[in-house]
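Structure data follow from query.cif (mmCIF, N, CA and C atoms):
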```
data_my_file
#
loop_
_atom_site.label_atom_id
_atom_site.label_comp_id
_atom_site.auth_asym_id
_atom_site.auth_seq_id
_atom_site.Cartn_x
_atom_site.Cartn_y
_atom_site.Cartn_z
N MET A 1248 0.84 -1.19 0.00
CA MET A 1248 0.00 0.00 0.00
C MET A 1248 0.88 1.25 0.00
N ALA A 1249 0.52 2.23 -0.81
CA ALA A 1249 1.31 3.45 -0.92
C ALA A 1249 1.23 4.26 0.38
N LYS A 1250 2.36 4.89 0.70
CA LYS A 1250 2.38 5.73 1.89
C LYS A 1250 1.59 7.01 1.60
N PRO A 1251 0.86 7.51 2.61
CA PRO A 1251 0.15 8.78 2.42
C PRO A 1251 1.14 9.91 2.15
N HIS A 1252 0.70 10.90 1.35
CA HIS A 1252 1.54 12.05 1.04
C HIS A 1252 1.13 13.22 1.92
N VAL A 1253 2.11 13.78 2.62
CA VAL A 1253 1.86 14.90 3.53
C VAL A 1253 2.74 16.07 3.12
N ILE A 1254 2.13 17.25 3.06
CA ILE A 1254 2.87 18.48 2.81
C ILE A 1254 3.01 19.20 4.14
N ILE A 1255 4.24 19.56 4.48
CA ILE A 1255 4.51 20.23 5.76
C ILE A 1255 5.22 21.55 5.47
N TYR A 1256 4.74 22.61 6.11
CA TYR A 1256 5.43 23.90 6.11
C TYR A 1256 5.85 24.18 7.54
N THR A 1257 7.08 24.67 7.74
CA THR A 1257 7.57 24.95 9.09
C THR A 1257 8.28 26.29 9.12
N ASP A 1258 8.31 26.89 10.31
CA ASP A 1258 9.07 28.13 10.51
C ASP A 1258 9.38 28.29 11.99
N GLY A 1259 10.44 29.05 12.24
CA GLY A 1259 10.83 29.39 13.60
C GLY A 1259 11.03 30.89 13.71
N ALA A 1260 10.90 31.41 14.92
CA ALA A 1260 11.10 32.84 15.17
C ALA A 1260 11.76 33.00 16.52
N CYS A 1261 12.52 34.08 16.66
CA CYS A 1261 13.18 34.35 17.93
C CYS A 1261 13.24 35.85 18.14
N SER A 1262 12.99 36.29 19.37
CA SER A 1262 13.09 37.70 19.72
C SER A 1262 14.42 37.86 20.45
N GLY A 1263 15.42 38.34 19.72
CA GLY A 1263 16.79 38.24 20.23
C GLY A 1263 17.30 36.88 19.82
N ASN A 1264 18.59 36.70 19.78
CA ASN A 1264 19.13 35.42 19.34
C ASN A 1264 20.42 35.16 20.12
N PRO A 1265 20.38 34.62 21.32
CA PRO A 1265 19.24 33.92 21.93
C PRO A 1265 18.23 34.87 22.58
N GLY A 1266 17.06 34.26 22.84
CA GLY A 1266 15.97 34.97 23.49
C GLY A 1266 14.74 34.09 23.44
N PRO A 1267 13.57 34.66 23.75
CA PRO A 1267 12.33 33.89 23.65
C PRO A 1267 12.07 33.53 22.19
N GLY A 1268 11.63 32.29 21.97
CA GLY A 1268 11.41 31.85 20.59
C GLY A 1268 10.14 31.05 20.42
N GLY A 1269 9.70 30.96 19.17
CA GLY A 1269 8.51 30.18 18.85
C GLY A 1269 8.69 29.45 17.54
N TRP A 1270 7.87 28.44 17.33
CA TRP A 1270 7.89 27.68 16.08
C TRP A 1270 6.46 27.39 15.66
N GLY A 1271 6.28 27.18 14.37
CA GLY A 1271 4.96 26.84 13.84
C GLY A 1271 5.10 25.82 12.72
N ALA A 1272 4.06 24.99 12.58
CA ALA A 1272 4.05 23.98 11.51
C ALA A 1272 2.63 23.82 10.99
N LEU A 1273 2.54 23.57 9.70
CA LEU A 1273 1.28 23.30 9.03
C LEU A 1273 1.43 21.96 8.31
N LEU A 1274 0.52 21.02 8.61
CA LEU A 1274 0.52 19.71 7.96
C LEU A 1274 -0.73 19.61 7.11
N GLN A 1275 -0.58 19.20 5.86
CA GLN A 1275 -1.71 19.05 4.95
C GLN A 1275 -1.66 17.67 4.30
N ALA A 1276 -2.81 16.97 4.34
CA ALA A 1276 -2.93 15.65 3.71
C ALA A 1276 -4.40 15.34 3.47
N ASN A 1277 -4.70 14.77 2.35
CA ASN A 1277 -6.06 14.34 2.03
C ASN A 1277 -7.11 15.43 2.25
N GLY A 1278 -6.77 16.66 1.89
CA GLY A 1278 -7.73 17.75 2.02
C GLY A 1278 -7.93 18.25 3.44
N LYS A 1279 -7.18 17.70 4.39
CA LYS A 1279 -7.27 18.14 5.79
C LYS A 1279 -5.98 18.85 6.16
N GLU A 1280 -6.08 19.68 7.21
CA GLU A 1280 -4.86 20.31 7.69
C GLU A 1280 -4.86 20.44 9.19
N LYS A 1281 -3.65 20.53 9.73
CA LYS A 1281 -3.46 20.64 11.17
C LYS A 1281 -2.33 21.64 11.38
N THR A 1282 -2.50 22.52 12.37
CA THR A 1282 -1.41 23.44 12.71
C THR A 1282 -0.89 23.09 14.10
N LEU A 1283 0.39 23.31 14.28
CA LEU A 1283 1.07 23.07 15.55
C LEU A 1283 1.94 24.29 15.84
N SER A 1284 2.13 24.59 17.12
CA SER A 1284 3.07 25.65 17.47
C SER A 1284 3.52 25.47 18.91
N GLY A 1285 4.61 26.13 19.25
CA GLY A 1285 5.13 26.07 20.60
C GLY A 1285 6.30 27.02 20.72
N GLY A 1286 6.91 27.06 21.89
CA GLY A 1286 8.02 27.97 22.07
C GLY A 1286 8.83 27.65 23.31
N GLU A 1287 9.90 28.39 23.47
CA GLU A 1287 10.80 28.23 24.61
C GLU A 1287 11.27 29.61 25.05
N PRO A 1288 11.52 29.78 26.36
CA PRO A 1288 11.88 31.10 26.87
C PRO A 1288 13.29 31.57 26.50
N ASN A 1289 14.23 30.63 26.31
CA ASN A 1289 15.61 31.03 26.02
C ASN A 1289 16.16 30.10 24.96
N THR A 1290 16.16 30.56 23.71
CA THR A 1290 16.51 29.68 22.60
C THR A 1290 17.09 30.51 21.46
N THR A 1291 17.30 29.86 20.32
CA THR A 1291 17.80 30.56 19.14
C THR A 1291 16.86 30.30 17.95
N ASN A 1292 17.00 31.12 16.94
CA ASN A 1292 16.18 30.96 15.75
C ASN A 1292 16.40 29.57 15.13
N ASN A 1293 17.66 29.13 15.03
CA ASN A 1293 17.93 27.82 14.42
C ASN A 1293 17.28 26.69 15.22
N ARG A 1294 17.30 26.80 16.55
CA ARG A 1294 16.66 25.75 17.36
C ARG A 1294 15.16 25.73 17.12
N MET A 1295 14.54 26.89 16.95
CA MET A 1295 13.10 26.94 16.71
C MET A 1295 12.76 26.40 15.31
N GLU A 1296 13.61 26.69 14.33
CA GLU A 1296 13.41 26.13 12.99
C GLU A 1296 13.45 24.60 13.05
N LEU A 1297 14.43 24.07 13.77
CA LEU A 1297 14.56 22.61 13.91
C LEU A 1297 13.38 22.02 14.67
N MET A 1298 12.95 22.68 15.75
CA MET A 1298 11.83 22.15 16.55
C MET A 1298 10.56 22.06 15.72
N ALA A 1299 10.34 23.04 14.85
CA ALA A 1299 9.14 23.03 14.01
C ALA A 1299 9.10 21.76 13.16
N VAL A 1300 10.22 21.40 12.55
CA VAL A 1300 10.26 20.22 11.70
C VAL A 1300 10.12 18.95 12.54
N ILE A 1301 10.81 18.90 13.67
CA ILE A 1301 10.75 17.73 14.55
C ILE A 1301 9.31 17.47 15.00
N ARG A 1302 8.66 18.52 15.52
CA ARG A 1302 7.29 18.36 16.03
C ARG A 1302 6.31 17.98 14.93
N ALA A 1303 6.50 18.54 13.75
CA ALA A 1303 5.61 18.20 12.63
C ALA A 1303 5.76 16.72 12.28
N LEU A 1304 6.99 16.24 12.17
CA LEU A 1304 7.21 14.82 11.84
C LEU A 1304 6.71 13.91 12.95
N GLN A 1305 6.91 14.32 14.20
CA GLN A 1305 6.46 13.50 15.33
C GLN A 1305 4.93 13.40 15.38
N ALA A 1306 4.24 14.35 14.76
CA ALA A 1306 2.77 14.34 14.76
C ALA A 1306 2.20 13.31 13.78
N LEU A 1307 3.03 12.81 12.87
CA LEU A 1307 2.56 11.82 11.90
C LEU A 1307 2.42 10.46 12.57
N LYS A 1308 1.27 9.82 12.37
CA LYS A 1308 0.97 8.58 13.09
C LYS A 1308 1.48 7.32 12.40
N LYS A 1309 1.83 7.44 11.10
CA LYS A 1309 2.34 6.28 10.37
C LYS A 1309 3.33 6.76 9.32
N PRO A 1310 4.13 5.86 8.76
CA PRO A 1310 5.11 6.27 7.75
C PRO A 1310 4.43 6.96 6.55
N CYS A 1311 5.01 8.07 6.13
CA CYS A 1311 4.44 8.87 5.05
C CYS A 1311 5.51 9.31 4.06
N ARG A 1312 5.04 9.72 2.88
CA ARG A 1312 5.87 10.49 1.96
C ARG A 1312 5.65 11.94 2.34
N VAL A 1313 6.73 12.63 2.68
CA VAL A 1313 6.60 13.97 3.24
C VAL A 1313 7.40 14.96 2.40
N ALA A 1314 6.76 16.08 2.05
CA ALA A 1314 7.45 17.20 1.42
C ALA A 1314 7.52 18.30 2.47
N ILE A 1315 8.73 18.57 2.97
CA ILE A 1315 8.91 19.59 4.01
C ILE A 1315 9.36 20.88 3.34
N HIS A 1316 8.54 21.92 3.52
CA HIS A 1316 8.83 23.25 2.98
C HIS A 1316 9.33 24.14 4.11
N SER A 1317 10.54 24.68 3.95
CA SER A 1317 11.14 25.51 4.98
C SER A 1317 11.87 26.67 4.34
N ASP A 1318 11.86 27.82 5.03
CA ASP A 1318 12.66 28.95 4.55
C ASP A 1318 14.04 28.96 5.23
N SER A 1319 14.34 27.91 6.00
CA SER A 1319 15.65 27.80 6.65
C SER A 1319 16.65 27.15 5.70
N ALA A 1320 17.56 27.98 5.16
CA ALA A 1320 18.60 27.45 4.28
C ALA A 1320 19.45 26.43 5.03
N LEU A 1321 19.69 26.66 6.31
CA LEU A 1321 20.51 25.73 7.10
C LEU A 1321 19.90 24.33 7.08
N ILE A 1322 18.62 24.23 7.37
CA ILE A 1322 18.01 22.90 7.45
C ILE A 1322 17.92 22.25 6.07
N VAL A 1323 17.42 23.00 5.09
CA VAL A 1323 17.27 22.42 3.75
C VAL A 1323 18.64 22.01 3.20
N ASN A 1324 19.62 22.89 3.29
CA ASN A 1324 20.95 22.58 2.77
C ASN A 1324 21.61 21.43 3.51
N ALA A 1325 21.34 21.31 4.81
CA ALA A 1325 21.95 20.23 5.59
C ALA A 1325 21.61 18.87 4.99
N PHE A 1326 20.41 18.77 4.41
CA PHE A 1326 20.00 17.49 3.81
C PHE A 1326 20.24 17.45 2.30
N THR A 1327 19.95 18.53 1.59
CA THR A 1327 20.08 18.49 0.13
C THR A 1327 21.53 18.58 -0.32
N LYS A 1328 22.40 19.14 0.50
CA LYS A 1328 23.82 19.27 0.12
C LYS A 1328 24.71 18.27 0.85
N GLY A 1329 24.09 17.35 1.61
CA GLY A 1329 24.86 16.28 2.24
C GLY A 1329 25.61 16.67 3.50
N TRP A 1330 25.31 17.82 4.07
CA TRP A 1330 26.05 18.24 5.27
C TRP A 1330 25.85 17.25 6.42
N VAL A 1331 24.62 16.79 6.61
CA VAL A 1331 24.34 15.88 7.72
C VAL A 1331 25.15 14.60 7.57
N ASP A 1332 25.22 14.07 6.36
CA ASP A 1332 26.03 12.86 6.14
C ASP A 1332 27.49 13.11 6.51
N ASN A 1333 28.01 14.27 6.14
CA ASN A 1333 29.39 14.61 6.48
C ASN A 1333 29.57 14.75 7.99
N TRP A 1334 28.60 15.39 8.65
CA TRP A 1334 28.70 15.54 10.11
C TRP A 1334 28.73 14.17 10.78
N LEU A 1335 27.89 13.26 10.31
CA LEU A 1335 27.86 11.92 10.89
C LEU A 1335 29.19 11.21 10.67
N ARG A 1336 29.74 11.35 9.45
CA ARG A 1336 31.04 10.71 9.15
C ARG A 1336 32.15 11.27 10.03
N ARG A 1337 32.04 12.56 10.36
CA ARG A 1337 33.09 13.22 11.16
C ARG A 1337 32.72 13.29 12.64
N SER A 1338 31.82 12.45 13.10
CA SER A 1338 31.41 12.42 14.51
C SER A 1338 30.90 13.79 14.97
N TRP A 1339 29.96 14.36 14.20
CA TRP A 1339 29.30 15.63 14.51
C TRP A 1339 30.28 16.80 14.58
N LYS A 1340 31.26 16.77 13.68
CA LYS A 1340 32.18 17.90 13.54
C LYS A 1340 31.98 18.50 12.15
N LYS A 1341 32.09 19.84 12.09
CA LYS A 1341 31.99 20.53 10.79
C LYS A 1341 33.36 20.46 10.11
N VAL A 1342 33.42 21.00 8.90
CA VAL A 1342 34.68 20.98 8.14
C VAL A 1342 35.81 21.64 8.94
N ASP A 1343 35.48 22.70 9.69
CA ASP A 1343 36.51 23.41 10.47
C ASP A 1343 36.84 22.71 11.79
N LYS A 1344 36.35 21.48 11.96
CA LYS A 1344 36.61 20.64 13.14
C LYS A 1344 35.83 21.08 14.38
N LYS A 1345 35.06 22.15 14.27
CA LYS A 1345 34.24 22.59 15.41
C LYS A 1345 32.99 21.71 15.49
N PRO A 1346 32.46 21.54 16.71
CA PRO A 1346 31.25 20.71 16.84
C PRO A 1346 30.04 21.36 16.15
N VAL A 1347 29.17 20.54 15.64
CA VAL A 1347 27.93 21.01 15.02
C VAL A 1347 27.03 21.57 16.12
N GLU A 1348 26.53 22.81 15.92
CA GLU A 1348 25.62 23.39 16.90
C GLU A 1348 24.29 22.64 16.86
N ASN A 1349 23.65 22.55 18.00
CA ASN A 1349 22.32 21.95 18.13
C ASN A 1349 22.29 20.47 17.76
N ARG A 1350 23.38 19.78 18.05
CA ARG A 1350 23.45 18.35 17.74
C ARG A 1350 22.26 17.59 18.32
N ASP A 1351 21.83 17.97 19.53
CA ASP A 1351 20.71 17.26 20.17
C ASP A 1351 19.48 17.31 19.28
N LEU A 1352 19.20 18.47 18.66
CA LEU A 1352 18.01 18.59 17.82
C LEU A 1352 18.22 17.94 16.46
N TRP A 1353 19.43 18.00 15.91
CA TRP A 1353 19.69 17.30 14.64
C TRP A 1353 19.45 15.81 14.83
N GLU A 1354 19.90 15.26 15.97
CA GLU A 1354 19.70 13.83 16.22
C GLU A 1354 18.22 13.51 16.38
N LYS A 1355 17.46 14.39 17.06
CA LYS A 1355 16.01 14.18 17.18
C LYS A 1355 15.35 14.24 15.81
N LEU A 1356 15.83 15.16 14.97
CA LEU A 1356 15.26 15.30 13.63
C LEU A 1356 15.52 14.04 12.80
N LEU A 1357 16.73 13.52 12.85
CA LEU A 1357 17.05 12.30 12.11
C LEU A 1357 16.16 11.15 12.58
N SER A 1358 15.94 11.06 13.88
CA SER A 1358 15.08 10.02 14.43
C SER A 1358 13.64 10.20 13.96
N ALA A 1359 13.16 11.45 13.98
CA ALA A 1359 11.78 11.73 13.55
C ALA A 1359 11.59 11.47 12.06
N MET A 1360 12.64 11.64 11.28
CA MET A 1360 12.58 11.42 9.83
C MET A 1360 12.59 9.94 9.46
N SER A 1361 13.18 9.11 10.31
CA SER A 1361 13.53 7.74 9.92
C SER A 1361 12.39 6.90 9.34
N PRO A 1362 11.14 7.00 9.82
CA PRO A 1362 10.11 6.14 9.21
C PRO A 1362 9.55 6.70 7.90
N HIS A 1363 9.94 7.90 7.54
CA HIS A 1363 9.31 8.60 6.42
C HIS A 1363 10.24 8.74 5.21
N ASP A 1364 9.62 8.95 4.05
CA ASP A 1364 10.35 9.32 2.84
C ASP A 1364 10.25 10.84 2.75
N VAL A 1365 11.36 11.54 2.99
CA VAL A 1365 11.33 12.99 3.12
C VAL A 1365 11.96 13.68 1.92
N GLU A 1366 11.24 14.66 1.40
CA GLU A 1366 11.74 15.55 0.35
C GLU A 1366 11.82 16.95 0.95
N TRP A 1367 12.93 17.65 0.68
CA TRP A 1367 13.14 18.99 1.22
C TRP A 1367 12.89 20.03 0.14
N VAL A 1368 12.11 21.06 0.49
CA VAL A 1368 11.79 22.13 -0.46
C VAL A 1368 12.13 23.46 0.19
N LYS A 1369 13.05 24.21 -0.45
CA LYS A 1369 13.43 25.54 0.07
C LYS A 1369 12.39 26.55 -0.38
N VAL A 1370 11.88 27.31 0.58
CA VAL A 1370 10.88 28.34 0.32
C VAL A 1370 11.52 29.70 0.59
N LYS A 1371 11.20 30.66 -0.24
CA LYS A 1371 11.69 32.02 -0.01
C LYS A 1371 10.91 32.62 1.16
N GLY A 1372 11.63 33.05 2.19
CA GLY A 1372 10.97 33.61 3.37
C GLY A 1372 10.37 34.98 3.10
N HIS A 1373 9.29 35.28 3.80
CA HIS A 1373 8.64 36.59 3.74
C HIS A 1373 8.33 37.00 2.30
N ALA A 1374 7.88 36.04 1.51
CA ALA A 1374 7.51 36.31 0.12
C ALA A 1374 6.00 36.09 -0.01
N ASN A 1375 5.54 35.67 -1.18
CA ASN A 1375 4.11 35.53 -1.40
C ASN A 1375 3.60 34.11 -1.23
N ASP A 1376 4.28 33.29 -0.45
CA ASP A 1376 3.83 31.92 -0.21
C ASP A 1376 2.90 31.93 1.00
N GLU A 1377 1.60 31.80 0.75
CA GLU A 1377 0.61 31.94 1.83
C GLU A 1377 0.84 30.93 2.96
N ARG A 1378 1.18 29.69 2.62
CA ARG A 1378 1.38 28.69 3.67
C ARG A 1378 2.62 29.00 4.50
N ASN A 1379 3.67 29.50 3.85
CA ASN A 1379 4.86 29.89 4.61
C ASN A 1379 4.54 31.09 5.50
N ASN A 1380 3.75 32.03 4.99
CA ASN A 1380 3.36 33.18 5.80
C ASN A 1380 2.54 32.74 7.02
N ARG A 1381 1.70 31.72 6.84
CA ARG A 1381 0.90 31.21 7.97
C ARG A 1381 1.78 30.64 9.07
N VAL A 1382 2.77 29.83 8.69
CA VAL A 1382 3.62 29.24 9.75
C VAL A 1382 4.51 30.30 10.37
N ASP A 1383 4.88 31.32 9.60
CA ASP A 1383 5.63 32.44 10.17
C ASP A 1383 4.78 33.12 11.25
N ARG A 1384 3.49 33.35 10.96
CA ARG A 1384 2.61 33.98 11.95
C ARG A 1384 2.46 33.08 13.18
N LEU A 1385 2.33 31.77 12.98
CA LEU A 1385 2.23 30.84 14.12
C LEU A 1385 3.48 30.93 15.01
N ALA A 1386 4.65 30.97 14.37
CA ALA A 1386 5.91 31.04 15.12
C ALA A 1386 6.02 32.35 15.89
N VAL A 1387 5.68 33.44 15.24
CA VAL A 1387 5.75 34.76 15.89
C VAL A 1387 4.76 34.84 17.05
N GLU A 1388 3.53 34.33 16.84
CA GLU A 1388 2.53 34.33 17.93
C GLU A 1388 3.01 33.48 19.11
N ALA A 1389 3.60 32.33 18.83
CA ALA A 1389 4.10 31.47 19.90
C ALA A 1389 5.23 32.17 20.67
N CYS A 1390 6.07 32.90 19.94
CA CYS A 1390 7.16 33.66 20.55
C CYS A 1390 6.60 34.74 21.46
N LYS A 1391 5.57 35.44 21.00
CA LYS A 1391 4.95 36.50 21.81
C LYS A 1391 4.32 35.94 23.08
N LYS A 1392 3.72 34.73 22.97
CA LYS A 1392 3.14 34.12 24.17
C LYS A 1392 4.22 33.84 25.21
N ILE A 1393 5.36 33.37 24.75
CA ILE A 1393 6.48 33.06 25.66
C ILE A 1393 6.96 34.35 26.33
N GLN A 1394 6.97 35.45 25.57
CA GLN A 1394 7.40 36.74 26.10
C GLN A 1394 6.37 37.32 27.06
N GLY A 1395 5.18 36.75 27.04
CA GLY A 1395 4.11 37.29 27.89
C GLY A 1395 3.38 38.44 27.22
N GLY A 1396 3.42 38.48 25.87
CA GLY A 1396 2.82 39.60 25.16
C GLY A 1396 1.64 39.26 24.37
#
```

Would you write out, as structure tokens, the structure that this file holds?
Amino acid sequence: MAKPHVIIYTDGACSGNPGPGGWGALLQANGKEKTLSGGEPNTTNNRMELMAVIRALQALKKPCRVAIHSDSALIVNAFTKGWVDNWLRRSWKKVDKKPVENRDLWEKLLSAMSPHDVEWVKVKGHANDERNNRVDRLAVEACKKIQGG
């Protein structure tokens, strides 16, 4: 039986870097959609971008074909340009021998991806992509809640 196809849009936001942050995700499949969001009081934009993808994948109840749309060049390039494979080969070290930042979340992301067939799609941020704009608003709203605003 074919795996269900799910379209996911994700975004992260941070007020200060580090500072209070939020993330948002939109999952669409079979004409239905679900939004998710959350935040942390002391985090970075990259951590929120990663959390959005992790939480979206963790929300899937069975193995799926997933198209993840993100405006995070770091996350998309990490997979489409083979950076993650290189980090794993070098024991989580970058080319300059420094440790990969946010290794804990990269490892959670790899685990969350494992049952799925994942395709990465780079989206231009703050452009005319309505679904990307929606997850941006979710992330910003989650960040404001954390700030108490």

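Residues in contact with Asn1289 (chain A) at up to 12 Å, not including ones fewer than 4 positions away on its chain and judged by only C-alpha atoms, are A:Ala1260, A:Cys1261, A:Ser1262, A:Gly1263, A:Asn1264, A:Pro1265, A:Gly1266, A:Pro1267, A:Gly1268, A:Gly1269, A:Arg1294, A:Met1295, A:Cys1390, A:Ile1393, A:Gln1394.
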
* **the PyMOL selection byres ((chain A and resi 1250) around 5) resolved against shown file, as a ChimeraX atom specification** => /A:1248-1249,1251-1252,1311-1312

* To do: Could you tell me which residues the PyMOL selection byres ((chain A and resi 1358-1369) around 7) grabs in this file, written as a PyMOL selection string?
  => chain A and resi 1301+1304-1305+1309-1320+1323+1327+1353-1357+1370-1371

* Quote the spacing between atom N of Ser1284 (chain A) and atom N of Gly1271 (chain A) in Å to one decimal place. => 5.6 Å

* If you run DSSP on this backbone, which residues of region 1278-1377 of chain A come out as helix (DSSP H, G or I), and could you give them as a PyMOL selection string? -> chain A and resi 1292-1305+1320-1327+1330-1336+1350-1360+1377

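Put simply, atom C of Glu1296 (chain A) is 16.1 Å away from CA of Trp1330 (chain A).
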
* Could you pull out the strand (DSSP E) residues of region 1248-1386 of chain A from DSSP and send them as a ChimeraX atom specification? -> /A:1252-1261,1266-1276,1279-1290,1312-1317,1364-1369

* Asked: Which one of A:Arg1350, A:His1373, A:Arg1381, A:Lys1345 sits closest to Ile1255 (chain A) if you count only C-alpha atoms?
  -> A:Arg1381

* **Between atom N of Tyr1256 (chain A) and atom C of Gly1285 (chain A) - distance in Å to one decimal** => 15.3 Å

* Hits from the PyMOL selection byres ((chain A and resi 1382) around 6.5), listed as a PyMOL selection string -> chain A and resi 1256-1259+1270-1273+1377-1381+1383-1387

Each side padded by 5 Å, which centre and which edge lengths in Å (one decimal) define the axis-aligned box around the listed atoms of region 1369-1384 of chain A? Give them as lines of an AutoDock Vina configuration file.
```
center_x = 7.0
center_y = 30.6
center_z = 5.9
size_x = 22.8
size_y = 22.8
size_z = 24.6
```

* Asked: Which residue, A:Thr1290, A:Asn1333, A:Gln1275, A:Asn1375, has the smallest gap to Val1347 (chain A) when you use only C-alpha atoms?
  ->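 Looking only at the distances to Val1347 (chain A), the closest residue turns out to be A:Asn1333.
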
* Which protein, DNA or RNA residues have an atom at most 12 Å from (27.3, 15.2, 9.4), counting only C-alpha atoms? List them as a ChimeraX atom specification. -> /A:1324-1326,1328-1342,1344-1348,1350,1353-1354,1357
